[in-house]
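Structure file coords19.cif; described as mmCIF, N, CA and C atoms.
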```
data_data
loop_
_atom_site.label_atom_id
_atom_site.label_comp_id
_atom_site.auth_asym_id
_atom_site.auth_seq_id
_atom_site.Cartn_x
_atom_site.Cartn_y
_atom_site.Cartn_z
N MET X 1267 107.24 80.43 127.44
CA MET X 1267 107.56 80.86 128.78
C MET X 1267 108.03 82.31 128.76
N VAL X 1268 107.72 83.05 129.78
CA VAL X 1268 108.09 84.45 129.88
C VAL X 1268 109.57 84.55 130.25
N ARG X 1269 110.31 85.36 129.47
CA ARG X 1269 111.71 85.58 129.77
C ARG X 1269 111.91 86.76 130.71
N SER X 1270 111.21 87.86 130.46
CA SER X 1270 111.32 89.01 131.35
C SER X 1270 110.07 89.88 131.25
N ILE X 1271 109.82 90.61 132.31
CA ILE X 1271 108.70 91.55 132.38
C ILE X 1271 109.28 92.90 132.74
N GLU X 1272 108.97 93.91 131.94
CA GLU X 1272 109.49 95.26 132.17
C GLU X 1272 108.31 96.22 132.30
N ILE X 1273 108.21 96.88 133.45
CA ILE X 1273 107.13 97.84 133.67
C ILE X 1273 107.57 99.18 133.11
N LYS X 1274 106.79 99.71 132.16
CA LYS X 1274 107.12 100.97 131.50
C LYS X 1274 106.65 102.18 132.29
N LYS X 1275 105.37 102.22 132.67
CA LYS X 1275 104.88 103.36 133.42
C LYS X 1275 103.61 103.00 134.18
N ALA X 1276 103.29 103.84 135.13
CA ALA X 1276 102.07 103.71 135.92
C ALA X 1276 101.35 105.05 135.89
N SER X 1277 100.03 105.00 135.71
CA SER X 1277 99.25 106.23 135.70
C SER X 1277 97.89 105.95 136.32
N VAL X 1278 97.18 107.03 136.65
CA VAL X 1278 95.86 106.90 137.27
C VAL X 1278 94.85 107.62 136.40
N ARG X 1279 93.80 106.91 136.02
CA ARG X 1279 92.63 107.54 135.39
C ARG X 1279 91.44 107.20 136.28
N ASP X 1280 90.61 106.26 135.90
CA ASP X 1280 89.56 105.80 136.81
C ASP X 1280 90.14 104.84 137.83
N ARG X 1281 91.15 104.09 137.42
CA ARG X 1281 91.85 103.15 138.30
C ARG X 1281 93.33 103.22 137.95
N LEU X 1282 94.13 102.46 138.66
CA LEU X 1282 95.58 102.43 138.40
C LEU X 1282 95.85 101.64 137.13
N ILE X 1283 96.61 102.23 136.20
CA ILE X 1283 96.92 101.60 134.92
C ILE X 1283 98.42 101.37 134.85
N ILE X 1284 98.82 100.14 134.53
CA ILE X 1284 100.22 99.75 134.43
C ILE X 1284 100.51 99.30 133.00
N ASP X 1285 101.50 99.93 132.35
CA ASP X 1285 101.95 99.52 131.01
C ASP X 1285 103.16 98.62 131.16
N VAL X 1286 103.09 97.43 130.52
CA VAL X 1286 104.11 96.41 130.70
C VAL X 1286 104.56 95.87 129.36
N ASP X 1287 105.88 95.66 129.19
CA ASP X 1287 106.44 94.93 128.06
C ASP X 1287 106.83 93.54 128.54
N VAL X 1288 106.33 92.51 127.85
CA VAL X 1288 106.62 91.12 128.22
C VAL X 1288 107.39 90.48 127.08
N PHE X 1289 108.58 89.97 127.38
CA PHE X 1289 109.42 89.30 126.39
C PHE X 1289 109.28 87.79 126.57
N MET X 1290 108.88 87.12 125.49
CA MET X 1290 108.68 85.68 125.52
C MET X 1290 109.91 84.98 124.92
N ASN X 1291 110.08 83.69 125.24
CA ASN X 1291 111.21 82.93 124.71
C ASN X 1291 111.02 82.58 123.24
N GLU X 1292 109.82 82.16 122.87
CA GLU X 1292 109.54 81.74 121.50
C GLU X 1292 108.21 82.32 121.05
N PRO X 1293 108.00 82.47 119.73
CA PRO X 1293 106.73 83.04 119.25
C PRO X 1293 105.50 82.19 119.58
N ASP X 1294 105.67 80.90 119.81
CA ASP X 1294 104.53 80.03 120.08
C ASP X 1294 104.22 79.87 121.57
N ASP X 1295 104.89 80.65 122.41
CA ASP X 1295 104.63 80.58 123.85
C ASP X 1295 103.33 81.31 124.18
N PHE X 1296 102.48 80.65 124.94
CA PHE X 1296 101.24 81.26 125.38
C PHE X 1296 101.10 81.18 126.90
N ASP X 1297 102.18 80.88 127.58
CA ASP X 1297 102.15 80.67 129.02
C ASP X 1297 102.41 81.99 129.75
N PHE X 1298 101.38 82.82 129.88
CA PHE X 1298 101.50 84.08 130.61
C PHE X 1298 100.27 84.24 131.49
N SER X 1299 100.49 84.19 132.78
CA SER X 1299 99.41 84.32 133.76
C SER X 1299 99.87 85.34 134.81
N PRO X 1300 99.58 86.62 134.60
CA PRO X 1300 100.13 87.67 135.47
C PRO X 1300 99.47 87.71 136.84
N ARG X 1301 100.26 88.13 137.82
CA ARG X 1301 99.80 88.35 139.20
C ARG X 1301 100.33 89.72 139.65
N ALA X 1302 99.52 90.46 140.38
CA ALA X 1302 99.91 91.78 140.89
C ALA X 1302 99.90 91.75 142.41
N SER X 1303 100.96 92.28 143.01
CA SER X 1303 101.02 92.37 144.47
C SER X 1303 101.70 93.67 144.86
N MET X 1304 101.40 94.14 146.06
CA MET X 1304 101.94 95.41 146.52
C MET X 1304 102.46 95.27 147.94
N GLU X 1305 103.70 95.72 148.15
CA GLU X 1305 104.30 95.77 149.48
C GLU X 1305 104.79 97.19 149.71
N GLY X 1306 104.23 97.86 150.70
CA GLY X 1306 104.60 99.25 150.93
C GLY X 1306 104.15 100.10 149.76
N ASN X 1307 105.09 100.80 149.12
CA ASN X 1307 104.73 101.59 147.94
C ASN X 1307 105.28 100.96 146.66
N SER X 1308 105.69 99.70 146.71
CA SER X 1308 106.24 99.01 145.55
C SER X 1308 105.22 98.01 145.00
N LEU X 1309 104.88 98.18 143.72
CA LEU X 1309 103.96 97.27 143.03
C LEU X 1309 104.78 96.34 142.17
N SER X 1310 104.51 95.03 142.25
CA SER X 1310 105.25 94.07 141.43
C SER X 1310 104.27 93.25 140.60
N ILE X 1311 104.68 93.00 139.34
CA ILE X 1311 103.93 92.17 138.41
C ILE X 1311 104.80 90.95 138.14
N THR X 1312 104.25 89.76 138.37
CA THR X 1312 105.00 88.52 138.13
C THR X 1312 104.15 87.56 137.31
N ASN X 1313 104.82 86.56 136.75
CA ASN X 1313 104.14 85.49 136.05
C ASN X 1313 103.96 84.34 137.04
N ALA X 1314 102.79 83.73 137.05
CA ALA X 1314 102.52 82.65 137.99
C ALA X 1314 103.46 81.48 137.73
N GLY X 1315 104.14 81.03 138.78
CA GLY X 1315 105.01 79.87 138.67
C GLY X 1315 106.33 80.14 137.99
N ALA X 1316 106.76 81.40 137.88
CA ALA X 1316 108.04 81.71 137.23
C ALA X 1316 108.75 82.81 138.01
N ASP X 1317 110.05 82.95 137.73
CA ASP X 1317 110.85 83.96 138.41
C ASP X 1317 110.75 85.33 137.74
N ALA X 1318 110.30 85.37 136.49
CA ALA X 1318 110.25 86.63 135.75
C ALA X 1318 109.27 87.58 136.40
N GLY X 1319 109.70 88.84 136.54
CA GLY X 1319 108.82 89.84 137.12
C GLY X 1319 109.45 91.21 137.08
N GLY X 1320 108.64 92.20 137.37
CA GLY X 1320 109.12 93.57 137.40
C GLY X 1320 108.40 94.32 138.51
N SER X 1321 109.01 95.42 138.98
CA SER X 1321 108.38 96.19 140.03
C SER X 1321 108.60 97.68 139.76
N ILE X 1322 107.73 98.49 140.37
CA ILE X 1322 107.79 99.94 140.22
C ILE X 1322 107.33 100.56 141.53
N ASP X 1323 107.94 101.69 141.88
CA ASP X 1323 107.53 102.43 143.07
C ASP X 1323 106.41 103.38 142.70
N LEU X 1324 105.35 103.39 143.51
CA LEU X 1324 104.19 104.22 143.25
C LEU X 1324 104.22 105.49 144.08
N ASP X 1325 103.65 106.58 143.53
CA ASP X 1325 103.52 107.80 144.32
C ASP X 1325 102.23 107.75 145.14
N GLU X 1326 101.94 108.81 145.87
CA GLU X 1326 100.80 108.81 146.80
C GLU X 1326 99.45 108.63 146.10
N ASP X 1327 99.22 109.32 144.98
CA ASP X 1327 97.95 109.20 144.26
C ASP X 1327 97.76 107.79 143.71
N GLN X 1328 98.83 107.20 143.18
CA GLN X 1328 98.75 105.85 142.63
C GLN X 1328 98.49 104.83 143.72
N MET X 1329 99.12 105.01 144.88
CA MET X 1329 98.89 104.10 146.00
C MET X 1329 97.46 104.19 146.50
N ASN X 1330 96.91 105.42 146.56
CA ASN X 1330 95.52 105.60 147.01
C ASN X 1330 94.55 104.92 146.06
N ALA X 1331 94.78 105.05 144.74
CA ALA X 1331 93.91 104.40 143.75
C ALA X 1331 94.00 102.88 143.85
N ALA X 1332 95.20 102.36 144.05
CA ALA X 1332 95.38 100.90 144.16
C ALA X 1332 94.71 100.35 145.42
N GLU X 1333 94.87 101.04 146.54
CA GLU X 1333 94.26 100.58 147.78
C GLU X 1333 92.74 100.73 147.76
N ARG X 1334 92.24 101.76 147.09
CA ARG X 1334 90.80 101.99 147.00
C ARG X 1334 90.12 100.90 146.17
N ASP X 1335 90.68 100.62 144.98
CA ASP X 1335 90.05 99.67 144.06
C ASP X 1335 90.47 98.22 144.30
N ARG X 1336 91.67 98.03 144.84
CA ARG X 1336 92.25 96.70 145.02
C ARG X 1336 92.33 95.93 143.71
N MET X 1337 92.57 96.69 142.63
CA MET X 1337 92.77 96.09 141.31
C MET X 1337 93.58 97.05 140.47
N VAL X 1338 94.25 96.51 139.45
CA VAL X 1338 95.00 97.32 138.50
C VAL X 1338 94.61 96.91 137.09
N GLU X 1339 94.64 97.88 136.19
CA GLU X 1339 94.43 97.58 134.78
C GLU X 1339 95.80 97.39 134.15
N LEU X 1340 96.02 96.24 133.56
CA LEU X 1340 97.32 95.88 133.00
C LEU X 1340 97.23 95.96 131.48
N ARG X 1341 98.10 96.77 130.87
CA ARG X 1341 98.20 96.86 129.42
C ARG X 1341 99.51 96.21 129.01
N VAL X 1342 99.41 95.11 128.28
CA VAL X 1342 100.57 94.27 127.99
C VAL X 1342 100.92 94.36 126.51
N LYS X 1343 102.21 94.52 126.22
CA LYS X 1343 102.73 94.43 124.86
C LYS X 1343 103.70 93.26 124.84
N PHE X 1344 103.38 92.25 124.02
CA PHE X 1344 104.22 91.06 123.92
C PHE X 1344 105.24 91.23 122.81
N SER X 1345 106.42 90.67 123.01
CA SER X 1345 107.43 90.64 121.95
C SER X 1345 108.38 89.47 122.20
N VAL X 1346 109.05 89.09 121.11
CA VAL X 1346 110.03 88.02 121.15
C VAL X 1346 111.33 88.61 120.62
N ASP X 1347 112.41 88.52 121.38
CA ASP X 1347 113.68 89.10 120.93
C ASP X 1347 114.16 88.40 119.67
N GLY X 1348 114.64 89.20 118.72
CA GLY X 1348 115.16 88.66 117.47
C GLY X 1348 114.12 88.48 116.40
N MET X 1349 112.83 88.57 116.76
CA MET X 1349 111.78 88.37 115.77
C MET X 1349 111.33 89.69 115.16
N HIS X 1350 111.33 90.76 115.94
CA HIS X 1350 110.89 92.06 115.46
C HIS X 1350 112.12 92.92 115.22
N GLY X 1351 112.66 92.83 114.03
CA GLY X 1351 113.87 93.56 113.69
C GLY X 1351 113.58 94.94 113.16
N VAL X 1352 114.57 95.51 112.50
CA VAL X 1352 114.47 96.84 111.94
C VAL X 1352 114.12 96.72 110.46
N LEU X 1353 113.16 97.49 110.01
CA LEU X 1353 112.75 97.50 108.62
C LEU X 1353 113.81 98.22 107.80
N THR X 1354 114.37 97.55 106.78
CA THR X 1354 115.47 98.15 106.01
C THR X 1354 115.00 98.83 104.72
N HIS X 1355 113.98 98.30 104.07
CA HIS X 1355 113.48 98.88 102.83
C HIS X 1355 112.12 99.50 103.09
N LYS X 1356 112.11 100.82 103.23
CA LYS X 1356 110.87 101.51 103.53
C LYS X 1356 110.25 102.06 102.26
N THR X 1357 108.93 102.03 102.19
CA THR X 1357 108.21 102.65 101.08
C THR X 1357 108.19 104.16 101.30
N LYS X 1358 108.47 104.94 100.25
CA LYS X 1358 108.54 106.39 100.40
C LYS X 1358 107.22 106.97 100.84
N ASN X 1359 106.14 106.65 100.16
CA ASN X 1359 104.82 107.11 100.55
C ASN X 1359 104.03 105.88 100.99
N VAL X 1360 103.82 105.77 102.25
CA VAL X 1360 103.23 104.55 102.82
C VAL X 1360 101.84 104.27 102.25
N ARG X 1361 101.08 105.30 101.92
CA ARG X 1361 99.71 105.10 101.42
C ARG X 1361 99.70 104.49 100.03
N ASP X 1362 100.79 104.62 99.26
CA ASP X 1362 100.84 104.13 97.89
C ASP X 1362 101.48 102.76 97.74
N GLY X 1363 102.30 102.37 98.70
CA GLY X 1363 103.10 101.16 98.54
C GLY X 1363 102.32 99.88 98.80
N PRO X 1364 102.94 98.76 98.47
CA PRO X 1364 102.30 97.46 98.69
C PRO X 1364 102.19 97.12 100.17
N ASN X 1365 103.00 97.77 101.00
CA ASN X 1365 102.98 97.48 102.44
C ASN X 1365 102.20 98.56 103.19
N ALA X 1366 101.10 99.01 102.63
CA ALA X 1366 100.35 100.11 103.21
C ALA X 1366 99.68 99.72 104.52
N LYS X 1367 99.41 98.45 104.72
CA LYS X 1367 98.75 98.03 105.94
C LYS X 1367 99.74 97.99 107.09
N LYS X 1368 99.25 98.29 108.26
CA LYS X 1368 100.07 98.25 109.45
C LYS X 1368 100.14 96.81 109.96
N LEU X 1369 101.29 96.41 110.44
CA LEU X 1369 101.41 95.07 111.00
C LEU X 1369 100.68 94.98 112.33
N ALA X 1370 100.11 93.84 112.60
CA ALA X 1370 99.40 93.63 113.86
C ALA X 1370 100.40 93.61 115.01
N GLU X 1371 100.02 94.22 116.10
CA GLU X 1371 100.87 94.22 117.28
C GLU X 1371 100.22 93.35 118.36
N PRO X 1372 101.01 92.46 118.96
CA PRO X 1372 100.44 91.58 119.98
C PRO X 1372 100.28 92.31 121.31
N ARG X 1373 99.09 92.82 121.57
CA ARG X 1373 98.80 93.54 122.80
C ARG X 1373 97.50 93.04 123.41
N TRP X 1374 97.40 93.11 124.72
CA TRP X 1374 96.12 92.91 125.37
C TRP X 1374 96.03 93.68 126.66
N LYS X 1375 94.79 93.80 127.11
CA LYS X 1375 94.49 94.58 128.30
C LYS X 1375 93.62 93.73 129.22
N THR X 1376 93.92 93.77 130.51
CA THR X 1376 93.16 92.98 131.47
C THR X 1376 93.12 93.72 132.81
N VAL X 1377 92.23 93.31 133.68
CA VAL X 1377 92.14 93.85 135.04
C VAL X 1377 92.55 92.75 136.01
N LEU X 1378 93.55 93.05 136.85
CA LEU X 1378 94.07 92.07 137.81
C LEU X 1378 93.67 92.43 139.23
N PRO X 1379 93.31 91.44 140.03
CA PRO X 1379 93.12 91.73 141.46
C PRO X 1379 94.47 91.99 142.11
N LEU X 1380 94.50 92.89 143.05
CA LEU X 1380 95.75 93.29 143.69
C LEU X 1380 95.86 92.65 145.06
N THR X 1381 96.97 91.95 145.31
CA THR X 1381 97.23 91.34 146.61
C THR X 1381 98.04 92.32 147.44
N LEU X 1382 97.51 92.73 148.59
CA LEU X 1382 98.21 93.70 149.44
C LEU X 1382 98.97 93.01 150.54
#
```
Once you've parsed the file, please lay out its structure as structure tokens.
Amino acid sequence: MVRSIEIKKASVRDRLIIDVDVFMNEPDDFDFSPRASMEGNSLSITNAGADAGGSIDLDEDQMNAAERDRMVELRVKFSVDGMHGVLTHKTKNVRDGPNAKKLAEPRWKTVLPLTL
């Protein structure tokens, strides 16, 4: 289950792009079904059937892109509190050490219809 949704930033390229951090309760949670809605100049991202959500105020260009396309591109970074701690023993030269590979990051990207 989603514990909280934090909107990091909004930008416009071909369409409106929203970067979001989603904090889950447990690592085995897969219950995330995002919904996007807009009231006035405030865009809100919520999880279907839950109270968790976040909102951001859009400027004029971002509002025009959202109203034109009626969709947003959502870039999501998932994390679980307490699971991703601070690395204490770092390899001096990363290319030489046994931990040369980068850890996988749980991210995905999707396009959501926008409810006005």
Could you check the closest approach to Met1337 (chain X) for each of X:Met1290, X:Ser1270, X:Leu1380, X:Asp1280 and tell me which residue wins, using only N, CA and C atoms? X:Leu1380
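Counting only N, CA and C atoms, the residue from X:Ala1318, X:Ile1311, X:Ile1284, X:Met1267 that sits nearest to Phe1298 (chain X) is X:Met1267.
The shortest atom-to-atom distance to Leu1309 (chain X), with only C-alpha atoms taken into account, belongs to X:Thr1381 out of X:Thr1381, X:Thr1376, X:Asn1291, X:Ser1345.
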So that I can check the surroundings of Asp1285 (chain X), please list as a list of chain:residue names every protein, DNA and RNA residue that reaches within 9 Å of it, counting only C-alpha atoms and ignoring chain neighbours fewer than 2 positions away. X:Glu1272, X:Ile1273, X:Lys1274, X:Lys1275, X:Ala1276, X:Ser1277, X:Ile1283, X:Asp1287, X:Glu1339, X:Leu1340, X:Arg1341, X:Val1342, X:Lys1343
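One finds CA of Val1346 (chain X) at 6.3 Å from CA of Glu1292 (chain X).
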List every residue of region 1267-1314 of chain X that DSSP, applied to the backbone, labels as strand (DSSP E or B), and write the result as an MDAnalysis selection string. chainID X and resid 1268:1278 1282:1290 1300:1305 1308:1313
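Across X:Gly1306, X:Val1338, X:Ile1271, X:Phe1289, the tightest approach to Gly1320 (chain X) is made by X:Ile1271 when counting only C-alpha atoms.
Listed by chain and then by number, the residues chosen by the PyMOL selection byres ((chain X and resi 1322) around 6) in this file are Asn1307, Ser1308, Leu1309, Ser1310, Gly1320, Ser1321, Asp1323 and Leu1324 of chain X.
When all atoms listed in the file are used to measure the gap to Arg1336 (chain X), the shortest distance among X:Val1278, X:Asp1294, X:Val1288, X:Leu1378 belongs to X:Leu1378.
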Using the partial input, fill out region 1337-1348 of chain X with all heavy atoms; write the result as a PDB file, in the coordinates of the input.
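Generated file (selection_4.pdb):
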```pdb
ATOM      1  N   MET X1337      92.570  96.690 142.630  1.00  0.00           N
ATOM      2  CA  MET X1337      92.770  96.090 141.310  1.00  0.00           C
ATOM      3  C   MET X1337      93.580  97.050 140.470  1.00  0.00           C
ATOM      4  O   MET X1337      93.614  98.248 140.736  1.00  0.00           O
ATOM      5  CB  MET X1337      91.449  95.745 140.632  1.00  0.00           C
ATOM      6  CG  MET X1337      90.584  96.934 140.297  1.00  0.00           C
ATOM      7  SD  MET X1337      89.057  96.498 139.477  1.00  0.00           S
ATOM      8  CE  MET X1337      88.277  95.485 140.686  1.00  0.00           C
ATOM      9  N   VAL X1338      94.250  96.510 139.450  1.00  0.00           N
ATOM     10  CA  VAL X1338      95.000  97.320 138.500  1.00  0.00           C
ATOM     11  C   VAL X1338      94.610  96.910 137.090  1.00  0.00           C
ATOM     12  O   VAL X1338      94.281  95.751 136.839  1.00  0.00           O
ATOM     13  CB  VAL X1338      96.532  97.175 138.688  1.00  0.00           C
ATOM     14  CG1 VAL X1338      96.975  97.693 140.018  1.00  0.00           C
ATOM     15  CG2 VAL X1338      96.984  95.756 138.504  1.00  0.00           C
ATOM     16  N   GLU X1339      94.640  97.880 136.190  1.00  0.00           N
ATOM     17  CA  GLU X1339      94.430  97.580 134.780  1.00  0.00           C
ATOM     18  C   GLU X1339      95.800  97.390 134.150  1.00  0.00           C
ATOM     19  O   GLU X1339      96.651  98.269 134.236  1.00  0.00           O
ATOM     20  CB  GLU X1339      93.693  98.736 134.098  1.00  0.00           C
ATOM     21  CG  GLU X1339      93.395  98.470 132.642  1.00  0.00           C
ATOM     22  CD  GLU X1339      92.575  99.589 132.030  1.00  0.00           C
ATOM     23  OE1 GLU X1339      91.684 100.119 132.706  1.00  0.00           O
ATOM     24  OE2 GLU X1339      92.845  99.914 130.865  1.00  0.00           O
ATOM     25  N   LEU X1340      96.020  96.240 133.560  1.00  0.00           N
ATOM     26  CA  LEU X1340      97.320  95.880 133.000  1.00  0.00           C
ATOM     27  C   LEU X1340      97.230  95.960 131.480  1.00  0.00           C
ATOM     28  O   LEU X1340      96.393  95.299 130.876  1.00  0.00           O
ATOM     29  CB  LEU X1340      97.693  94.470 133.443  1.00  0.00           C
ATOM     30  CG  LEU X1340      99.115  94.027 133.209  1.00  0.00           C
ATOM     31  CD1 LEU X1340     100.071  94.837 134.074  1.00  0.00           C
ATOM     32  CD2 LEU X1340      99.263  92.558 133.515  1.00  0.00           C
ATOM     33  N   ARG X1341      98.100  96.770 130.870  1.00  0.00           N
ATOM     34  CA  ARG X1341      98.200  96.860 129.420  1.00  0.00           C
ATOM     35  C   ARG X1341      99.510  96.210 129.010  1.00  0.00           C
ATOM     36  O   ARG X1341     100.578  96.708 129.333  1.00  0.00           O
ATOM     37  CB  ARG X1341      98.164  98.314 128.963  1.00  0.00           C
ATOM     38  CG  ARG X1341      96.857  98.997 129.275  1.00  0.00           C
ATOM     39  CD  ARG X1341      96.901 100.417 128.823  1.00  0.00           C
ATOM     40  NE  ARG X1341      95.629 101.077 129.126  1.00  0.00           N
ATOM     41  CZ  ARG X1341      95.420 102.354 128.905  1.00  0.00           C
ATOM     42  NH1 ARG X1341      96.368 103.112 128.402  1.00  0.00           N
ATOM     43  NH2 ARG X1341      94.255 102.885 129.206  1.00  0.00           N
ATOM     44  N   VAL X1342      99.410  95.110 128.280  1.00  0.00           N
ATOM     45  CA  VAL X1342     100.570  94.270 127.990  1.00  0.00           C
ATOM     46  C   VAL X1342     100.920  94.360 126.510  1.00  0.00           C
ATOM     47  O   VAL X1342     100.049  94.261 125.653  1.00  0.00           O
ATOM     48  CB  VAL X1342     100.301  92.800 128.362  1.00  0.00           C
ATOM     49  CG1 VAL X1342     101.528  91.942 128.111  1.00  0.00           C
ATOM     50  CG2 VAL X1342      99.852  92.693 129.801  1.00  0.00           C
ATOM     51  N   LYS X1343     102.210  94.520 126.220  1.00  0.00           N
ATOM     52  CA  LYS X1343     102.730  94.430 124.860  1.00  0.00           C
ATOM     53  C   LYS X1343     103.700  93.260 124.840  1.00  0.00           C
ATOM     54  O   LYS X1343     104.706  93.250 125.543  1.00  0.00           O
ATOM     55  CB  LYS X1343     103.440  95.710 124.449  1.00  0.00           C
ATOM     56  CG  LYS X1343     104.020  95.624 123.063  1.00  0.00           C
ATOM     57  CD  LYS X1343     104.824  96.860 122.727  1.00  0.00           C
ATOM     58  CE  LYS X1343     105.495  96.663 121.393  1.00  0.00           C
ATOM     59  NZ  LYS X1343     106.550  97.645 121.175  1.00  0.00           N
ATOM     60  N   PHE X1344     103.380  92.250 124.020  1.00  0.00           N
ATOM     61  CA  PHE X1344     104.220  91.060 123.920  1.00  0.00           C
ATOM     62  C   PHE X1344     105.240  91.230 122.810  1.00  0.00           C
ATOM     63  O   PHE X1344     104.968  91.847 121.781  1.00  0.00           O
ATOM     64  CB  PHE X1344     103.368  89.825 123.595  1.00  0.00           C
ATOM     65  CG  PHE X1344     102.460  89.427 124.709  1.00  0.00           C
ATOM     66  CD1 PHE X1344     101.120  89.762 124.692  1.00  0.00           C
ATOM     67  CD2 PHE X1344     102.948  88.710 125.787  1.00  0.00           C
ATOM     68  CE1 PHE X1344     100.280  89.402 125.720  1.00  0.00           C
ATOM     69  CE2 PHE X1344     102.110  88.338 126.819  1.00  0.00           C
ATOM     70  CZ  PHE X1344     100.771  88.692 126.783  1.00  0.00           C
ATOM     71  N   SER X1345     106.420  90.670 123.010  1.00  0.00           N
ATOM     72  CA  SER X1345     107.430  90.640 121.950  1.00  0.00           C
ATOM     73  C   SER X1345     108.380  89.470 122.200  1.00  0.00           C
ATOM     74  O   SER X1345     108.466  88.936 123.293  1.00  0.00           O
ATOM     75  CB  SER X1345     108.199  91.957 121.895  1.00  0.00           C
ATOM     76  OG  SER X1345     108.869  92.199 123.092  1.00  0.00           O
ATOM     77  N   VAL X1346     109.050  89.090 121.110  1.00  0.00           N
ATOM     78  CA  VAL X1346     110.030  88.020 121.150  1.00  0.00           C
ATOM     79  C   VAL X1346     111.330  88.610 120.620  1.00  0.00           C
ATOM     80  O   VAL X1346     111.342  89.186 119.525  1.00  0.00           O
ATOM     81  CB  VAL X1346     109.601  86.813 120.289  1.00  0.00           C
ATOM     82  CG1 VAL X1346     110.658  85.731 120.295  1.00  0.00           C
ATOM     83  CG2 VAL X1346     108.279  86.268 120.773  1.00  0.00           C
ATOM     84  N   ASP X1347     112.410  88.520 121.380  1.00  0.00           N
ATOM     85  CA  ASP X1347     113.680  89.100 120.930  1.00  0.00           C
ATOM     86  C   ASP X1347     114.160  88.400 119.670  1.00  0.00           C
ATOM     87  O   ASP X1347     114.084  87.190 119.536  1.00  0.00           O
ATOM     88  CB  ASP X1347     114.748  88.974 122.016  1.00  0.00           C
ATOM     89  CG  ASP X1347     114.559  90.007 123.095  1.00  0.00           C
ATOM     90  OD1 ASP X1347     113.858  90.998 122.840  1.00  0.00           O
ATOM     91  OD2 ASP X1347     115.111  89.822 124.189  1.00  0.00           O
ATOM     92  N   GLY X1348     114.640  89.200 118.720  1.00  0.00           N
ATOM     93  CA  GLY X1348     115.160  88.660 117.470  1.00  0.00           C
ATOM     94  C   GLY X1348     114.120  88.480 116.400  1.00  0.00           C
ATOM     95  O   GLY X1348     114.438  88.273 115.236  1.00  0.00           O
TER      96      GLY X1348
END
```
